[in-house]
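Shown below: final_9.cif, with mmCIF, C-alpha atoms and all ligand atoms.
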data_run
#
loop_
_atom_site.label_atom_id
_atom_site.label_comp_id
_atom_site.auth_asym_id
_atom_site.auth_seq_id
_atom_site.Cartn_x
_atom_site.Cartn_y
_atom_site.Cartn_z
CA MET O 1 -8.24 -124.80 -30.34
CA ASP O 2 -5.31 -124.86 -27.91
CA GLY O 3 -3.75 -121.81 -29.50
CA ALA O 4 -7.00 -119.97 -29.23
CA ARG O 5 -7.30 -120.89 -25.55
CA THR O 6 -3.89 -119.46 -24.77
CA VAL O 7 -4.90 -116.24 -26.40
CA HIS O 8 -8.15 -116.29 -24.47
CA ALA O 9 -6.21 -116.45 -21.22
CA THR O 10 -4.01 -113.52 -22.23
CA PHE O 11 -7.05 -111.51 -23.06
CA GLY O 12 -9.02 -112.54 -20.00
CA THR O 13 -8.51 -109.21 -18.23
CA ARG O 14 -8.32 -107.16 -21.37
CA SER O 15 -9.97 -103.97 -20.19
CA GLU O 16 -8.23 -103.79 -16.78
CA ALA O 17 -4.86 -104.46 -18.38
CA SER O 18 -5.28 -101.99 -21.22
CA HIS O 19 -3.08 -99.21 -19.84
CA GLU O 20 -0.33 -101.58 -18.91
CA THR O 21 -0.53 -103.22 -22.32
CA LEU O 22 -0.18 -99.89 -24.08
CA ALA O 23 2.69 -98.88 -21.86
CA ASN O 24 4.43 -102.16 -22.63
CA PHE O 25 4.22 -101.51 -26.33
CA GLY O 26 5.68 -98.05 -25.91
CA ASN O 27 5.33 -96.79 -29.45
CA GLU O 28 2.02 -97.38 -31.14
CA GLU O 29 1.63 -98.74 -34.62
CA TYR O 30 -0.44 -96.06 -36.34
CA LEU O 31 -2.19 -97.57 -39.36
CA ASP O 32 -4.97 -95.05 -39.81
CA TYR O 33 -3.48 -92.55 -42.27
CA ASN O 34 -6.74 -92.22 -44.19
CA SER O 35 -8.24 -90.81 -41.03
CA THR O 36 -5.47 -88.32 -40.38
CA ALA O 37 -1.67 -88.09 -40.52
CA PRO O 38 0.96 -86.87 -38.07
CA ILE O 39 2.23 -83.32 -38.55
CA ALA O 40 5.01 -83.44 -41.14
CA ASP O 41 8.66 -82.69 -40.45
CA GLY O 42 9.47 -79.02 -40.62
CA VAL O 43 5.87 -77.86 -40.15
CA LEU O 44 6.19 -76.83 -36.52
CA HIS O 45 9.35 -74.86 -37.24
CA ALA O 46 7.77 -73.10 -40.23
CA VAL O 47 4.58 -72.25 -38.36
CA ARG O 48 6.05 -71.10 -35.04
CA PRO O 49 6.73 -67.46 -36.04
CA PHE O 50 3.16 -67.10 -37.27
CA LEU O 51 1.89 -68.09 -33.84
CA SER O 52 4.08 -65.48 -32.12
CA ASN O 53 5.67 -62.32 -33.48
CA GLU O 54 4.61 -62.69 -37.14
CA PHE O 55 0.99 -61.78 -36.51
CA GLY O 56 0.46 -59.48 -39.48
CA ASN O 57 -2.76 -59.35 -41.45
CA PRO O 58 -1.94 -60.51 -44.99
CA SER O 59 -4.36 -57.91 -46.37
CA SER O 60 -2.40 -55.05 -44.71
CA LYS O 61 -0.17 -54.23 -47.62
CA THR O 62 1.37 -51.09 -46.13
CA ASN O 63 3.31 -52.64 -43.23
CA ARG O 64 6.11 -55.20 -43.22
CA LEU O 65 4.25 -57.54 -40.88
CA GLY O 66 1.35 -57.78 -43.30
CA GLN O 67 3.68 -58.12 -46.26
CA ARG O 68 5.54 -61.00 -44.63
CA ALA O 69 2.26 -62.78 -43.87
CA ARG O 70 1.24 -62.31 -47.52
CA GLU O 71 4.59 -63.65 -48.73
CA ALA O 72 4.24 -66.70 -46.47
CA ILE O 73 0.77 -67.43 -47.88
CA GLU O 74 1.95 -67.09 -51.47
CA THR O 75 4.92 -69.37 -50.80
CA ALA O 76 2.54 -71.96 -49.36
CA ARG O 77 0.23 -71.57 -52.36
CA GLY O 78 3.17 -72.35 -54.61
CA HIS O 79 3.98 -75.52 -52.66
CA VAL O 80 0.37 -76.74 -52.75
CA ALA O 81 0.14 -76.00 -56.48
CA ASN O 82 3.34 -77.95 -57.00
CA LEU O 83 1.92 -80.92 -55.10
CA VAL O 84 -1.32 -80.98 -57.11
CA GLY O 85 0.13 -79.98 -60.47
CA SER O 86 -1.88 -76.78 -60.88
CA ARG O 87 -1.03 -73.10 -61.29
CA ALA O 88 -0.63 -71.25 -57.99
CA ASP O 89 -3.42 -68.80 -58.85
CA GLN O 90 -5.84 -71.75 -59.16
CA VAL O 91 -5.42 -72.67 -55.45
CA VAL O 92 -7.92 -71.20 -52.97
CA PHE O 93 -7.29 -71.90 -49.28
CA THR O 94 -10.25 -73.17 -47.26
CA SER O 95 -10.93 -74.73 -43.86
CA GLY O 96 -10.50 -78.28 -45.22
CA GLY O 97 -11.96 -80.98 -47.42
CA THR O 98 -15.54 -80.57 -46.29
CA GLU O 99 -15.65 -76.85 -47.02
CA SER O 100 -13.89 -77.34 -50.34
CA CYS O 101 -16.38 -79.97 -51.53
CA PHE O 102 -19.32 -77.86 -50.39
CA ALA O 103 -17.99 -74.70 -52.05
CA ALA O 104 -17.10 -76.62 -55.22
CA LEU O 105 -20.59 -78.01 -55.74
CA VAL O 106 -22.68 -75.09 -54.53
CA GLY O 107 -20.40 -72.61 -56.36
CA ALA O 108 -20.62 -74.60 -59.60
CA PHE O 109 -24.42 -74.52 -59.54
CA ARG O 110 -24.42 -70.81 -58.62
CA ALA O 111 -22.46 -70.21 -61.81
CA GLN O 112 -24.77 -72.34 -63.96
CA LYS O 113 -28.15 -70.86 -63.20
CA ASN O 114 -30.07 -72.90 -65.80
CA LYS O 115 -28.74 -76.29 -64.61
CA ARG O 116 -30.58 -78.32 -62.01
CA HIS O 117 -29.08 -81.81 -61.96
CA LEU O 118 -26.02 -83.20 -60.17
CA VAL O 119 -24.52 -86.66 -60.69
CA ILE O 120 -22.34 -88.26 -58.00
CA SER O 121 -21.29 -91.80 -57.15
CA ALA O 122 -22.93 -94.00 -54.52
CA VAL O 123 -19.71 -94.11 -52.50
CA GLU O 124 -18.91 -90.42 -52.02
CA HIS O 125 -17.83 -89.07 -48.64
CA PRO O 126 -20.45 -87.14 -46.62
CA ALA O 127 -18.56 -83.96 -47.61
CA VAL O 128 -20.08 -84.48 -51.07
CA THR O 129 -23.33 -86.27 -50.23
CA GLU O 130 -24.30 -83.60 -47.70
CA ALA O 131 -23.47 -80.79 -50.14
CA ALA O 132 -25.66 -82.65 -52.66
CA GLU O 133 -28.42 -82.89 -50.06
CA PHE O 134 -28.12 -79.14 -49.43
CA LEU O 135 -28.43 -78.44 -53.15
CA ARG O 136 -31.43 -80.78 -53.38
CA THR O 137 -33.36 -79.35 -50.45
CA MET O 138 -32.36 -75.68 -50.68
CA CYS O 139 -31.86 -75.12 -54.41
CA GLY O 140 -34.10 -77.71 -56.07
CA VAL O 141 -31.18 -79.55 -57.67
CA GLU O 142 -31.93 -83.19 -58.47
CA VAL O 143 -29.24 -85.66 -57.52
CA THR O 144 -28.47 -89.00 -59.18
CA GLN O 145 -26.12 -91.52 -57.62
CA VAL O 146 -24.21 -93.87 -59.92
CA SER O 147 -23.67 -97.34 -58.50
CA VAL O 148 -20.46 -99.33 -58.14
CA ASN O 149 -20.01 -103.07 -58.51
CA ARG O 150 -18.76 -105.66 -55.99
CA ASN O 151 -15.15 -104.51 -56.56
CA GLY O 152 -16.00 -100.84 -56.14
CA ARG O 153 -15.74 -100.19 -59.89
CA LEU O 154 -17.89 -97.30 -61.08
CA ASN O 155 -20.70 -98.30 -63.42
CA ILE O 156 -19.71 -96.02 -66.32
CA ASP O 157 -22.70 -97.03 -68.49
CA GLU O 158 -25.00 -95.90 -65.72
CA LEU O 159 -23.14 -92.58 -65.56
CA PHE O 160 -23.71 -92.03 -69.30
CA GLU O 161 -27.38 -92.88 -68.89
CA ALA O 162 -27.75 -90.45 -65.98
CA ILE O 163 -26.83 -87.38 -68.08
CA ARG O 164 -29.79 -85.23 -69.16
CA PRO O 165 -30.25 -81.68 -70.48
CA GLN O 166 -30.55 -80.28 -66.95
CA THR O 167 -27.28 -81.87 -65.78
CA GLY O 168 -24.69 -79.27 -64.82
CA VAL O 169 -22.09 -80.94 -62.63
CA LEU O 170 -20.54 -84.37 -62.02
CA SER O 171 -18.71 -85.08 -58.75
CA PHE O 172 -16.62 -88.25 -58.47
CA MET O 173 -13.98 -88.90 -55.88
CA LEU O 174 -10.46 -89.64 -57.04
CA ALA O 175 -9.84 -92.27 -54.35
CA ASN O 176 -12.26 -93.86 -51.95
CA ASN O 177 -11.50 -93.24 -48.28
CA GLU O 178 -12.51 -96.74 -47.15
CA THR O 179 -11.30 -99.06 -49.90
CA GLY O 180 -8.77 -96.83 -51.67
CA VAL O 181 -10.39 -97.71 -55.03
CA LEU O 182 -9.54 -95.11 -57.68
CA PHE O 183 -12.18 -93.80 -60.07
CA PRO O 184 -11.34 -93.18 -63.76
CA VAL O 185 -11.58 -89.40 -63.41
CA PRO O 186 -9.82 -88.47 -66.71
CA GLU O 187 -12.31 -90.69 -68.58
CA ILE O 188 -15.22 -89.03 -66.76
CA VAL O 189 -13.81 -85.57 -67.60
CA GLU O 190 -13.53 -86.41 -71.29
CA MET O 191 -17.12 -87.54 -71.44
CA ALA O 192 -18.34 -84.56 -69.36
CA HIS O 193 -16.48 -81.88 -71.27
CA ALA O 194 -17.74 -83.23 -74.57
CA ARG O 195 -21.20 -82.47 -73.17
CA GLY O 196 -20.37 -79.09 -71.59
CA LEU O 197 -20.55 -80.38 -68.00
CA LEU O 198 -18.36 -79.35 -65.08
CA VAL O 199 -16.45 -81.97 -63.08
CA HIS O 200 -15.45 -81.79 -59.43
CA THR O 201 -13.27 -84.42 -57.84
CA ASP O 202 -12.98 -84.98 -54.11
CA ALA O 203 -9.25 -85.74 -54.06
CA VAL O 204 -8.90 -85.56 -50.27
CA GLN O 205 -7.60 -89.13 -50.01
CA ALA O 206 -5.49 -89.09 -53.16
CA ILE O 207 -3.51 -85.89 -52.66
CA GLY O 208 -0.28 -86.71 -50.88
CA LYS O 209 -0.64 -90.48 -51.36
CA ILE O 210 -0.15 -90.72 -55.11
CA PRO O 211 1.22 -88.24 -57.65
CA VAL O 212 -1.70 -86.17 -58.95
CA SER O 213 -1.75 -83.58 -61.71
CA PHE O 214 -4.72 -81.23 -61.73
CA ALA O 215 -3.77 -80.17 -65.25
CA GLU O 216 -3.65 -83.74 -66.55
CA LEU O 217 -6.80 -84.87 -64.77
CA GLY O 218 -8.59 -82.03 -66.55
CA VAL O 219 -11.17 -81.53 -63.79
CA ASP O 220 -12.72 -78.12 -63.25
CA LEU O 221 -12.65 -78.31 -59.46
CA LEU O 222 -10.57 -80.37 -57.03
CA SER O 223 -10.85 -80.55 -53.24
CA LEU O 224 -8.02 -81.43 -50.87
CA SER O 225 -7.39 -81.49 -47.14
CA ALA O 226 -4.06 -80.67 -45.46
CA HIS O 227 -4.36 -82.97 -42.45
CA LYS O 228 -4.29 -86.04 -44.69
CA PHE O 229 -0.69 -85.30 -45.73
CA GLY O 230 0.90 -83.78 -42.65
CA GLY O 231 -0.69 -80.35 -42.39
CA VAL O 232 -2.92 -79.13 -39.59
CA LYS O 233 -6.60 -80.04 -39.26
CA GLY O 234 -9.01 -77.33 -40.37
CA SER O 235 -7.03 -76.42 -43.47
CA GLY O 236 -7.44 -77.38 -47.11
CA ALA O 237 -7.83 -76.00 -50.58
CA LEU O 238 -10.16 -75.85 -53.52
CA VAL O 239 -8.40 -75.83 -56.88
CA ILE O 240 -10.37 -74.01 -59.58
CA ARG O 241 -9.55 -74.35 -63.27
CA ASP O 242 -11.43 -71.26 -64.46
CA ASN O 243 -12.92 -68.68 -62.10
CA ALA O 244 -15.59 -67.83 -64.70
CA LEU O 245 -17.15 -71.30 -64.28
CA TRP O 246 -17.66 -71.04 -60.55
CA GLU O 247 -19.04 -68.52 -58.03
CA PRO O 248 -17.81 -68.04 -54.48
CA VAL O 249 -19.88 -69.38 -51.62
CA VAL O 250 -18.15 -67.66 -48.68
CA LYS O 251 -18.01 -63.99 -49.56
CA GLY O 252 -16.53 -61.26 -47.42
CA GLY O 253 -13.57 -58.93 -47.61
CA GLY O 254 -12.34 -60.13 -51.01
CA GLN O 255 -9.58 -62.43 -49.72
CA GLU O 256 -8.25 -65.26 -51.90
CA GLY O 257 -8.93 -63.20 -55.00
CA GLY O 258 -12.55 -62.74 -53.93
CA ARG O 259 -13.06 -66.52 -53.98
CA ARG O 260 -13.15 -67.16 -50.23
CA GLY O 261 -13.84 -64.32 -47.82
CA GLY O 262 -12.31 -64.12 -44.35
CA THR O 263 -8.86 -63.22 -43.06
CA GLU O 264 -6.62 -66.09 -44.06
CA ALA O 265 -5.56 -68.63 -41.38
CA VAL O 266 -1.90 -67.75 -41.97
CA ALA O 267 -0.39 -70.35 -39.62
CA LEU O 268 -2.54 -73.18 -40.99
CA ILE O 269 -1.78 -72.18 -44.56
CA VAL O 270 1.95 -72.06 -43.83
CA ALA O 271 1.62 -75.53 -42.30
CA GLN O 272 -0.22 -76.78 -45.38
CA GLY O 273 2.46 -75.36 -47.66
CA GLU O 274 5.30 -76.90 -45.69
CA ALA O 275 3.55 -80.29 -45.55
CA ALA O 276 2.88 -80.10 -49.30
CA LYS O 277 6.54 -79.29 -50.02
CA ASN O 278 7.65 -82.18 -47.84
CA ARG O 279 5.19 -84.62 -49.40
CA LYS O 280 6.04 -83.62 -52.96
CA GLN O 281 9.68 -84.46 -52.24
CA GLN O 282 8.66 -87.84 -50.77
CA LEU O 283 6.45 -88.64 -53.77
CA ASP O 284 9.21 -87.63 -56.19
CA ALA O 285 11.52 -90.00 -54.31
CA GLY O 286 9.16 -92.93 -54.95
CA MET O 287 7.16 -92.93 -51.71
CA ALA O 288 4.02 -94.38 -53.29
CA GLU O 289 5.82 -97.44 -54.63
CA GLY O 290 7.51 -98.06 -51.29
CA VAL O 291 4.19 -97.91 -49.47
CA ARG O 292 2.55 -100.14 -52.08
CA SER O 293 5.14 -102.86 -51.59
CA VAL O 294 4.58 -102.82 -47.81
CA ARG O 295 0.79 -102.87 -48.25
CA ASP O 296 1.02 -105.75 -50.72
CA PHE O 297 3.33 -107.61 -48.36
CA PHE O 298 0.75 -107.07 -45.59
CA GLU O 299 -2.10 -108.42 -47.73
CA ALA O 300 -0.07 -111.44 -48.84
CA ALA O 301 0.93 -112.22 -45.24
CA LEU O 302 -2.68 -111.85 -44.11
CA ALA O 303 -3.88 -114.29 -46.74
CA GLU O 304 -1.16 -116.74 -45.76
CA ARG O 305 -1.59 -116.61 -42.02
CA ILE O 306 -5.25 -115.87 -41.30
CA PRO O 307 -7.98 -118.01 -42.83
CA GLU O 308 -11.15 -116.44 -44.20
CA VAL O 309 -10.04 -112.91 -44.86
CA MET O 310 -11.07 -110.93 -47.91
CA ILE O 311 -9.72 -107.67 -49.28
CA ASN O 312 -12.47 -105.35 -50.50
CA GLY O 313 -11.68 -103.86 -53.91
CA ALA O 314 -8.57 -106.04 -54.31
CA ALA O 315 -9.15 -106.44 -58.04
CA MET O 316 -9.08 -102.68 -58.60
CA ASN O 317 -6.52 -99.98 -59.07
CA ARG O 318 -6.29 -98.70 -55.49
CA LEU O 319 -4.43 -96.19 -53.35
CA PRO O 320 -1.10 -97.84 -52.50
CA ASN O 321 -1.59 -97.44 -48.74
CA THR O 322 -5.10 -98.79 -48.15
CA SER O 323 -6.39 -102.25 -47.26
CA SER O 324 -10.05 -102.79 -46.48
CA VAL O 325 -10.18 -106.26 -44.95
CA GLN O 326 -13.12 -108.49 -44.02
CA PHE O 327 -12.40 -110.88 -41.16
CA GLU O 328 -15.18 -113.44 -41.24
CA GLY O 329 -16.69 -114.21 -37.85
CA VAL O 330 -15.29 -111.12 -36.12
CA VAL O 331 -17.03 -107.93 -35.02
CA ALA O 332 -14.84 -105.15 -36.42
CA GLN O 333 -15.54 -102.67 -33.60
CA GLU O 334 -14.36 -105.22 -31.03
CA LEU O 335 -11.28 -106.06 -33.05
CA VAL O 336 -10.41 -102.37 -33.48
CA GLN O 337 -10.64 -101.90 -29.73
CA ALA O 338 -8.60 -104.99 -28.92
CA LEU O 339 -5.92 -103.95 -31.41
CA ALA O 340 -5.84 -100.42 -29.95
CA GLU O 341 -5.26 -101.92 -26.53
CA ARG O 342 -2.23 -103.66 -27.99
CA GLY O 343 -0.96 -100.47 -29.60
CA ILE O 344 -2.27 -100.93 -33.13
CA ILE O 345 -4.41 -98.11 -34.39
CA VAL O 346 -6.77 -98.94 -37.25
CA SER O 347 -10.40 -98.14 -37.94
CA ALA O 348 -13.61 -99.95 -38.68
CA GLY O 349 -15.15 -98.31 -41.73
CA SER O 350 -14.46 -94.62 -42.22
CA ALA O 351 -13.26 -92.44 -39.35
CA CYS O 352 -16.20 -90.11 -39.70
CA LYS O 353 -18.46 -93.02 -38.70
CA ALA O 354 -16.30 -94.22 -35.83
CA GLY O 355 -18.26 -94.97 -32.70
CA SER O 356 -21.35 -95.86 -34.66
CA ALA O 357 -22.20 -99.46 -35.46
CA GLU O 358 -23.91 -98.46 -38.71
CA PRO O 359 -22.67 -100.55 -41.61
CA SER O 360 -20.55 -98.51 -44.00
CA THR O 361 -22.55 -97.11 -46.92
CA VAL O 362 -19.49 -97.52 -49.15
CA LEU O 363 -19.29 -101.26 -48.47
CA ARG O 364 -23.06 -101.67 -48.62
CA SER O 365 -23.01 -99.96 -52.04
CA MET O 366 -20.45 -102.55 -53.13
CA GLY O 367 -22.99 -105.24 -52.28
CA LEU O 368 -21.48 -106.52 -49.02
CA SER O 369 -23.95 -107.89 -46.48
CA VAL O 370 -24.45 -106.03 -43.19
CA VAL O 371 -22.47 -108.76 -41.42
CA GLN O 372 -19.60 -108.45 -43.91
CA CYS O 373 -19.58 -104.66 -43.46
CA LEU O 374 -19.51 -104.99 -39.70
CA SER O 375 -16.55 -107.34 -39.89
CA THR O 376 -14.41 -105.05 -42.06
CA LEU O 377 -11.36 -103.14 -40.86
CA ARG O 378 -9.45 -100.43 -42.70
CA PHE O 379 -5.66 -100.44 -42.52
CA SER O 380 -4.07 -97.34 -44.03
CA PHE O 381 -0.30 -97.13 -44.05
CA GLY O 382 1.91 -94.04 -43.83
CA PRO O 383 5.01 -93.05 -45.76
CA HIS O 384 7.34 -94.79 -43.31
CA ALA O 385 5.54 -98.14 -43.20
CA SER O 386 7.97 -101.05 -42.98
CA ARG O 387 7.82 -104.82 -43.40
CA GLU O 388 9.02 -105.32 -39.81
CA SER O 389 6.11 -103.33 -38.43
CA VAL O 390 3.75 -105.23 -40.73
CA LEU O 391 4.99 -108.54 -39.32
CA HIS O 392 4.41 -107.28 -35.80
CA THR O 393 0.88 -106.21 -36.75
CA ILE O 394 0.16 -109.56 -38.41
CA ASP O 395 1.34 -111.46 -35.29
CA ILE O 396 -1.08 -109.50 -33.14
CA LEU O 397 -3.87 -109.81 -35.68
CA CYS O 398 -3.43 -113.61 -35.77
CA GLU O 399 -3.86 -113.82 -32.01
CA THR O 400 -6.75 -111.39 -31.75
CA VAL O 401 -8.73 -112.74 -34.68
CA ALA O 402 -8.26 -116.33 -33.41
CA TYR O 403 -9.44 -115.20 -29.98
CA PHE O 404 -12.61 -113.57 -31.25
CA ARG O 405 -13.39 -116.47 -33.57
CA ALA O 406 -12.95 -118.94 -30.72
CA GLU O 407 -15.19 -116.82 -28.52
CA MET O 408 -17.81 -116.70 -31.25
CA ARG O 409 -17.65 -120.51 -31.65
CA GLU O 410 -18.00 -120.98 -27.90
CA GLN O 411 -21.04 -118.72 -27.82
CA LEU O 412 -22.65 -120.55 -30.72
CA GLN O 413 -21.97 -123.91 -29.09
CA ALA O 414 -23.40 -122.69 -25.77
CA ASN O 415 -26.52 -121.40 -27.48
CA PHE O 416 -27.20 -124.68 -29.22
CA ARG O 417 -26.18 -126.99 -26.39
N1 LIG T 501 -13.51 -86.32 -48.52
C1 LIG T 501 -12.94 -87.49 -48.21
C2 LIG T 501 -12.83 -88.56 -49.25
C3 LIG T 501 -12.45 -87.71 -46.92
O1 LIG T 501 -11.88 -88.89 -46.62
C4 LIG T 501 -12.57 -86.67 -45.96
C5 LIG T 501 -12.10 -86.89 -44.58
O2 LIG T 501 -11.87 -87.97 -44.13
C6 LIG T 501 -13.16 -85.46 -46.35
C7 LIG T 501 -13.62 -85.32 -47.64
C8 LIG T 501 -13.30 -84.33 -45.38
O3 LIG T 501 -12.09 -83.63 -45.19
P1 LIG T 501 -11.88 -82.72 -43.90
O4 LIG T 501 -11.65 -83.63 -42.75
O5 LIG T 501 -10.68 -81.88 -44.20
O6 LIG T 501 -13.10 -81.87 -43.77
#
Starting from the file, give its structure as structure tokens.
Amino acid sequence: MDGARTVHATFGTRSEASHETLANFGNEEYLDYNSTAPIADGVLHAVRPFLSNEFGNPSSKTNRLGQRAREAIETARGHVANLVGSRADQVVFTSGGTESCFAALVGAFRAQKNKRHLVISAVEHPAVTEAAEFLRTMCGVEVTQVSVNRNGRLNIDELFEAIRPQTGVLSFMLANNETGVLFPVPEIVEMAHARGLLVHTDAVQAIGKIPVSFAELGVDLLSLSAHKFGGVKGSGALVIRDNALWEPVVKGGGQEGGRRGGTEAVALIVAQGEAAKNRKQQLDAGMAEGVRSVRDFFEAALAERIPEVMINGAAMNRLPNTSSVQFEGVVAQELVQALAERGIIVSAGSACKAGSAEPSTVLRSMGLSVVQCLSTLRFSFGPHASRESVLHTIDILCETVAYFRAEMREQLQANFR
């Protein structure tokens, strides 16, 4: 109890001291890479000309400015294709993961006019669930959600049972944004293709964190987002195996081979290409294993030093950078805030839900209670994560968690006095 009291005193003027505290820490510990990542090395340099004198329209084939813009886009397309293991002509640039998922699903149903049933998992990102909702309400497509178990494992038997003659498309994420749990996408593809079904995977969290091969996965459609691996926000891609199996959703002046209308965002695409090139080199150099060892070290240290913590999805094959951690007896939103004030940036649940105290649907689908959901934090490490920074984070976590638990105990005791 003494330890907890000391912490209490330190935290007594938490909100007034916040600026000073941050200043004292100088550099923040950013552990929220599933939310977004810093701009990768080399990106600013590569993009700069396209925000100044290189302003050509890539569709203007007759002038050098336009030709150089086109060349820059095609170079970027090559880098993205190299990162995802696809052919360059399969990559269509979009405004990000949300647009890619929407275009993937709506475009797949546009191409399969006699199909009226979509199967997704219960833990998809809103980029997929909202596209599914659009298809349901606007196009009469029925949607089935396949459940996951307590570890986040997809219930494959339920997926088999969900298939019916009207089923046209399956959409299953490659990696979950909150827990990092990986779905067995190649297995799903094998089953789907044997039945003539299309498969989309939302690979927004996987691309850039683990080596991925579009060709080996075998999916028909794959969505990615550049800001998750060092590109600029508002930029992504949809990778399409066979144009004949899909119809464009955003039509216009025939850009992107007629697959996504609108003058290309040259600077953002160049940024995406440069970030992809950079990340492919890091992955080839063993980045994922390095991050995994730091994440595992973090989880082991947590278990050793803080009582009553639980890692969601720990038993599963997960992204190497993600830890979804329940801290019993702590309100995650308060802990996130207190950590931020001490220079440690993490999130409670997924970033898209930040600010709302709604329990995460992903964790609820895994069978966690509302209280367990509301006491879960997501730590997501970047390529340069180190054991030293993990130790620093754990020290601060020990103090903050002990403080909140002591406060909770005091409140309970006061209420029942
Ligand atoms: N899908 C997943 C799994 C995500 O985690 C996100 C963003 O967090 C998205 C889709 C949306 O991507 P974007 O932010 O590029 O629209």
- Query: What do you get as a PyMOL selection string if you pick all residues at most 6 Å from ligand LIG 501 (chain T), counting only C-alpha atoms and all ligand atoms?
  - Reply: chain O and resi 35+96-98+125+127+176-177+202+204-205+225
- Using only C-alpha atoms, which of O:Phe298, O:Phe379, O:Phe102, O:Tyr403 sits nearest Val325 (chain O)?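 Of all the options, O:Phe379 lies closest to Val325 (chain O).
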When you look at Glu124 (chain O) with a cut-off of 8 Å (counting only C-alpha atoms), what residues show up, excluding the ones that are within fewer than 3 positions of it in the same chain? I need them as an mmCIF file with C-alpha atoms, keeping the file's coordinate frame.
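Dumped to out-v2.cif:
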data_model
loop_
_atom_site.group_PDB
_atom_site.id
_atom_site.type_symbol
_atom_site.label_atom_id
_atom_site.label_comp_id
_atom_site.auth_asym_id
_atom_site.auth_seq_id
_atom_site.Cartn_x
_atom_site.Cartn_y
_atom_site.Cartn_z
ATOM 1 C CA ILE O 120 -22.340 -88.260 -58.000
ATOM 2 C CA SER O 121 -21.290 -91.800 -57.150
ATOM 3 C CA ALA O 127 -18.560 -83.960 -47.610
ATOM 4 C CA VAL O 128 -20.080 -84.480 -51.070
ATOM 5 C CA THR O 129 -23.330 -86.270 -50.230
ATOM 6 C CA PHE O 172 -16.620 -88.250 -58.470
ATOM 7 C CA MET O 173 -13.980 -88.900 -55.880
ATOM 8 C CA ASN O 176 -12.260 -93.860 -51.950
ATOM 9 C CA VAL O 362 -19.490 -97.520 -49.150
#
- Task: Pick out the closest residue to Asp395 (chain O) from this set: O:Ile240, O:Ala301, O:Ile73, O:Ala203. Count only C-alpha atoms.
- Result: O:Ala301
- Scan for residues within 9 Å of the point (-7.1, -101.6, -57.9) in the coordinates of the file, using only C-alpha atoms, and reply as a PyMOL selection string. chain O and resi 151+153+180-182+313-320
- Would you work out the distance separating CA of Ile163 (chain O) from CA of Ala237 (chain O), expressed in Å to one decimal?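 Value for the CA of Ile163 (chain O)-CA of Ala237 (chain O) distance: 28.2 Å.
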Would you pick out the contacts of Thr361 (chain O) at 7 Å or less, using only C-alpha atoms, so that residues sharing its chain but fewer than 3 positions from it are not included, and give the list as a CSV table (one decimal) with C-alpha atoms, in the coordinates of the input?
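Result written to out13.csv:
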chain,number,residue,atom,x,y,z
O,123,VAL,CA,-19.7,-94.1,-52.5
O,364,ARG,CA,-23.1,-101.7,-48.6
O,365,SER,CA,-23.0,-100.0,-52.0
- So how far away is CA of Ser360 (chain O) from CA of Leu397 (chain O), in Å?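 Atom-to-atom, CA of Leu397 (chain O) and CA of Ser360 (chain O) are spaced 21.8 Å apart.
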- Message: Residues near Gln67 (chain O), anyone? I mean within 12 Å using all atoms listed in the file, not counting same-chain ones fewer than 3 positions away, as number ranges by chain.
- Response: O: 54-64, 70-74, 266
- Message: Need to verify the contact set: Gln326 (chain O), 7 Å, all atoms listed in the file, exclusion of same-chain residues closer than 3 positions in sequence. Can you return it as an NGL selection string?
- Response: :O and (309-311 or 372 or 375-377)
Saved selection, atoms kept: C-alpha atoms, as a PDB file, in the coordinates of the input:
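Output below, filename result.pdb:
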ATOM      1  CA  VAL O 309     -10.040-112.910 -44.860  1.00  0.00           C
ATOM      2  CA  MET O 310     -11.070-110.930 -47.910  1.00  0.00           C
ATOM      3  CA  ILE O 311      -9.720-107.670 -49.280  1.00  0.00           C
ATOM      4  CA  GLN O 372     -19.600-108.450 -43.910  1.00  0.00           C
ATOM      5  CA  SER O 375     -16.550-107.340 -39.890  1.00  0.00           C
ATOM      6  CA  THR O 376     -14.410-105.050 -42.060  1.00  0.00           C
ATOM      7  CA  LEU O 377     -11.360-103.140 -40.860  1.00  0.00           C
TER       8      LEU O 377
END
- Item | Point-to-point distance from CA of Glu334 (chain O) to CA of Ala406 (chain O), Å rounded to tenths | 13.8 Å
Report, as JSON, the centre and edge lengths in Å (one decimal) of the axis-aligned box enclosing every listed atom of region 364-368 of chain O, padded by 6 Å on each side.
{"center_x": -21.8, "center_y": -103.2, "center_z": -50.9, "size_x": 14.6, "size_y": 18.6, "size_z": 16.5}
- Message: Using all atoms listed in the file, which protein or nucleic acid residues come within 12 Å of Asn34 (chain O)? Drop anything in the same chain fewer than 6 positions from it, and give the result as a PyMOL selection string.
- Response: chain O and resi 175-180+204-209+225-230+319-324+345-352+378-383
